[in-house]
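K.L.:
I have a structure I would like to understand better, so I am pasting it below and will then ask my questions one at a time.
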Amino acid sequence: MNTTGRDTTGLLVRRLAADDAESAAELSSQLGYPCAAGVLRERIEEMSRAADRVAFAAVMDGQMVGWIDAAMERHLQSPASAVIGGLVVREDTRGLGIGRRLCHEVEEWARSQSVPLVRVRSQIKREDAHRFYLRDGYR
């Protein structure tokens, strides 16, 4: 559903890079987790070196409009899964399918790691997030 009339055909989804730290920090604040760009840069660099973690950026018109991160979770008592740790889409671009596209990238990454299950955890107070994930097939 395109609620703002913006065309998302030019949406680029790519791996999050250290140079994205400032934009990612701004979006992280919108998610409710303020973080200094320098700290986020270090986290992005660390994540990029880990084979069991991933982060993607959504870029539209040359501007980052969202990000998602995920990590593999492995336990003895259950099959491996990829867990979405965070997902944010810039407020003025929500409703354009960007979040769904970012989730799809994580799902594809998980499949490439031979892990068919993607999980998400979301705070109970995030009602909009719950509706988003339920609408997109998560339980």
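Every chain in the structure tokens has a letter given in the order shown (A, B, ...), and although residue numbers restart at 1 in each chain, ligands are simply numbered from 1 in the order shown.
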Skip range 9-18 of chain A itself and residues of its chain fewer than 6 positions away, then list as a list in words all residues within 7 Å of it, counting only C-alpha atoms.
P.N.:
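Everything that qualifies: Arg41, Ile44, Glu45, Ala55, Phe56, Ala57, Ala58, Val59 and Met60 of chain A.
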K.L.:
Write a file of the selected residues as a PDB file, in the first residue's frame, keeping C-alpha atoms.
P.N.:
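So again.pdb came out as:
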```
ATOM      1  CA  ARG A  41      29.859   2.493  13.731  1.00  0.00           C
ATOM      2  CA  ILE A  44      28.320  -2.248  12.537  1.00  0.00           C
ATOM      3  CA  GLU A  45      32.018  -3.023  11.996  1.00  0.00           C
ATOM      4  CA  ALA A  55      22.346  -6.045   8.954  1.00  0.00           C
ATOM      5  CA  PHE A  56      20.716  -4.553   5.878  1.00  0.00           C
ATOM      6  CA  ALA A  57      20.002  -0.949   4.917  1.00  0.00           C
ATOM      7  CA  ALA A  58      17.089   0.224   2.786  1.00  0.00           C
ATOM      8  CA  VAL A  59      18.051   3.199   0.630  1.00  0.00           C
ATOM      9  CA  MET A  60      15.655   5.307  -1.419  1.00  0.00           C
TER      10      MET A  60
END
```
K.L.:
Taking 6 positions as the minimum chain separation for residues in the same chain, which residues sit within 12 Å of Arg111 in chain A when counting only C-alpha atoms? Answer as a VMD selection string.
P.N.:
chain A and resid 72 80 to 82 104 to 105 117 to 118
K.L.:
Tell me, which residues of range 18-138 of chain A carry DSSP helix (DSSP H, G or I), written as a ChimeraX atom specification?
P.N.:
/A:18-31,37-48,91-93,98-112,127-135
K.L.:
Just list the residues in range 40-87 of chain A DSSP gives strand (DSSP E or B) on the backbone, as a ChimeraX atom specification.
P.N.:
/A:53-60,63-75,78-87
K.L.:
Which distance in Å separates CA of Thr93 in chain A and CA of Arg43 in chain A, to one decimal?
P.N.:
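Interatomic distance here is 25.2 Å.
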K.L.:
Between CA of Asp19 in chain A and CA of Glu73 in chain A, what distance in Å does the model show, to one decimal?
P.N.:
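Distance between the two atoms: 27.1 Å.
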K.L.:
Restricting the calculation to only C-alpha atoms, which member of A:Val88, A:Leu31, A:Val39, A:Ala51 is positioned closest to Ser112 in chain A?
P.N.:
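Of all the options, A:Ala51 lies closest to Ser112 in chain A.
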K.L.:
Just give me the gap between CA of Gly32 in chain A and CA of Met64 in chain A in Å, one decimal is fine.
P.N.:
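Computing the Euclidean distance for CA of Gly32 in chain A and CA of Met64 in chain A yields 17.4 Å.
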K.L.:
Name all residues at most 10 Å from Leu27 in chain A (count only C-alpha atoms; drop same-chain ones fewer than 4 positions away) and give them as a list in words.
P.N.:
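With the cut-off at 10 Å, the set is Ala21, Glu22, Ser23, Leu31, Gly32, Tyr33, Pro34, Cys35, Met64, Val65, Gly66, Trp67, Leu87, Val88, Val89, Arg90 and Glu91 of chain A.
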K.L.:
Please write the residues from the selection above to a file, keeping N, CA and C atoms, as a PDB file, in the first residue's frame.
P.N.:
```pdb
ATOM      1  N   ALA A  21      26.613   4.751   9.694  1.00  0.00           N
ATOM      2  CA  ALA A  21      26.392   4.862  11.137  1.00  0.00           C
ATOM      3  C   ALA A  21      25.545   6.069  11.523  1.00  0.00           C
ATOM      4  N   GLU A  22      25.797   7.218  10.924  1.00  0.00           N
ATOM      5  CA  GLU A  22      25.043   8.412  11.312  1.00  0.00           C
ATOM      6  C   GLU A  22      23.556   8.264  10.980  1.00  0.00           C
ATOM      7  N   SER A  23      23.251   7.812   9.770  1.00  0.00           N
ATOM      8  CA  SER A  23      21.846   7.615   9.383  1.00  0.00           C
ATOM      9  C   SER A  23      21.201   6.517  10.212  1.00  0.00           C
ATOM     10  N   LEU A  31      13.376   4.421  16.644  1.00  0.00           N
ATOM     11  CA  LEU A  31      12.941   3.139  17.187  1.00  0.00           C
ATOM     12  C   LEU A  31      12.837   3.186  18.712  1.00  0.00           C
ATOM     13  N   GLY A  32      13.444   4.220  19.319  1.00  0.00           N
ATOM     14  CA  GLY A  32      13.403   4.353  20.766  1.00  0.00           C
ATOM     15  C   GLY A  32      14.685   3.920  21.439  1.00  0.00           C
ATOM     16  N   TYR A  33      15.739   3.727  20.646  1.00  0.00           N
ATOM     17  CA  TYR A  33      17.032   3.307  21.176  1.00  0.00           C
ATOM     18  C   TYR A  33      18.107   4.279  20.709  1.00  0.00           C
ATOM     19  N   PRO A  34      18.181   5.468  21.318  1.00  0.00           N
ATOM     20  CA  PRO A  34      19.193   6.439  20.893  1.00  0.00           C
ATOM     21  C   PRO A  34      20.597   5.882  21.104  1.00  0.00           C
ATOM     22  N   CYS A  35      21.462   6.171  20.153  1.00  0.00           N
ATOM     23  CA  CYS A  35      22.830   5.675  20.203  1.00  0.00           C
ATOM     24  C   CYS A  35      23.713   6.634  19.417  1.00  0.00           C
ATOM     25  N   MET A  64      19.097   6.675   3.458  1.00  0.00           N
ATOM     26  CA  MET A  64      18.706   5.485   4.187  1.00  0.00           C
ATOM     27  C   MET A  64      17.332   5.712   4.807  1.00  0.00           C
ATOM     28  N   VAL A  65      16.416   4.795   4.530  1.00  0.00           N
ATOM     29  CA  VAL A  65      15.055   4.913   5.049  1.00  0.00           C
ATOM     30  C   VAL A  65      14.702   3.784   6.005  1.00  0.00           C
ATOM     31  N   GLY A  66      15.640   2.853   6.215  1.00  0.00           N
ATOM     32  CA  GLY A  66      15.372   1.780   7.157  1.00  0.00           C
ATOM     33  C   GLY A  66      16.559   0.866   7.319  1.00  0.00           C
ATOM     34  N   TRP A  67      16.531   0.102   8.380  1.00  0.00           N
ATOM     35  CA  TRP A  67      17.529  -0.946   8.587  1.00  0.00           C
ATOM     36  C   TRP A  67      16.919  -2.090   9.371  1.00  0.00           C
ATOM     37  N   LEU A  87      14.358  -3.650  13.696  1.00  0.00           N
ATOM     38  CA  LEU A  87      13.839  -3.234  12.391  1.00  0.00           C
ATOM     39  C   LEU A  87      13.239  -1.855  12.566  1.00  0.00           C
ATOM     40  N   VAL A  88      13.668  -0.927  11.734  1.00  0.00           N
ATOM     41  CA  VAL A  88      13.076   0.409  11.778  1.00  0.00           C
ATOM     42  C   VAL A  88      12.987   0.948  10.354  1.00  0.00           C
ATOM     43  N   VAL A  89      11.879   1.618  10.079  1.00  0.00           N
ATOM     44  CA  VAL A  89      11.669   2.316   8.808  1.00  0.00           C
ATOM     45  C   VAL A  89      11.353   3.763   9.164  1.00  0.00           C
ATOM     46  N   ARG A  90      11.991   4.671   8.453  1.00  0.00           N
ATOM     47  CA  ARG A  90      11.783   6.097   8.720  1.00  0.00           C
ATOM     48  C   ARG A  90      10.293   6.418   8.723  1.00  0.00           C
ATOM     49  N   GLU A  91       9.883   7.212   9.680  1.00  0.00           N
ATOM     50  CA  GLU A  91       8.458   7.478   9.915  1.00  0.00           C
ATOM     51  C   GLU A  91       7.713   7.922   8.666  1.00  0.00           C
TER      52      GLU A  91
END
```
K.L.:
Considering only C-alpha atoms, can you say which of A:Glu107, A:Ala71, A:Met47, A:Gly99 comes closest to Gly85 in chain A?
P.N.:
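Among the listed residues, the smallest separation from Gly85 in chain A belongs to A:Ala71.
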K.L.:
Extract, using only C-alpha atoms, all DNA, RNA and protein residues at most 6 Å from Ala70 in chain A, discarding same-chain residues fewer than 4 positions from it, and format them as a ChimeraX atom specification.
P.N.:
/A:53-54,83-85
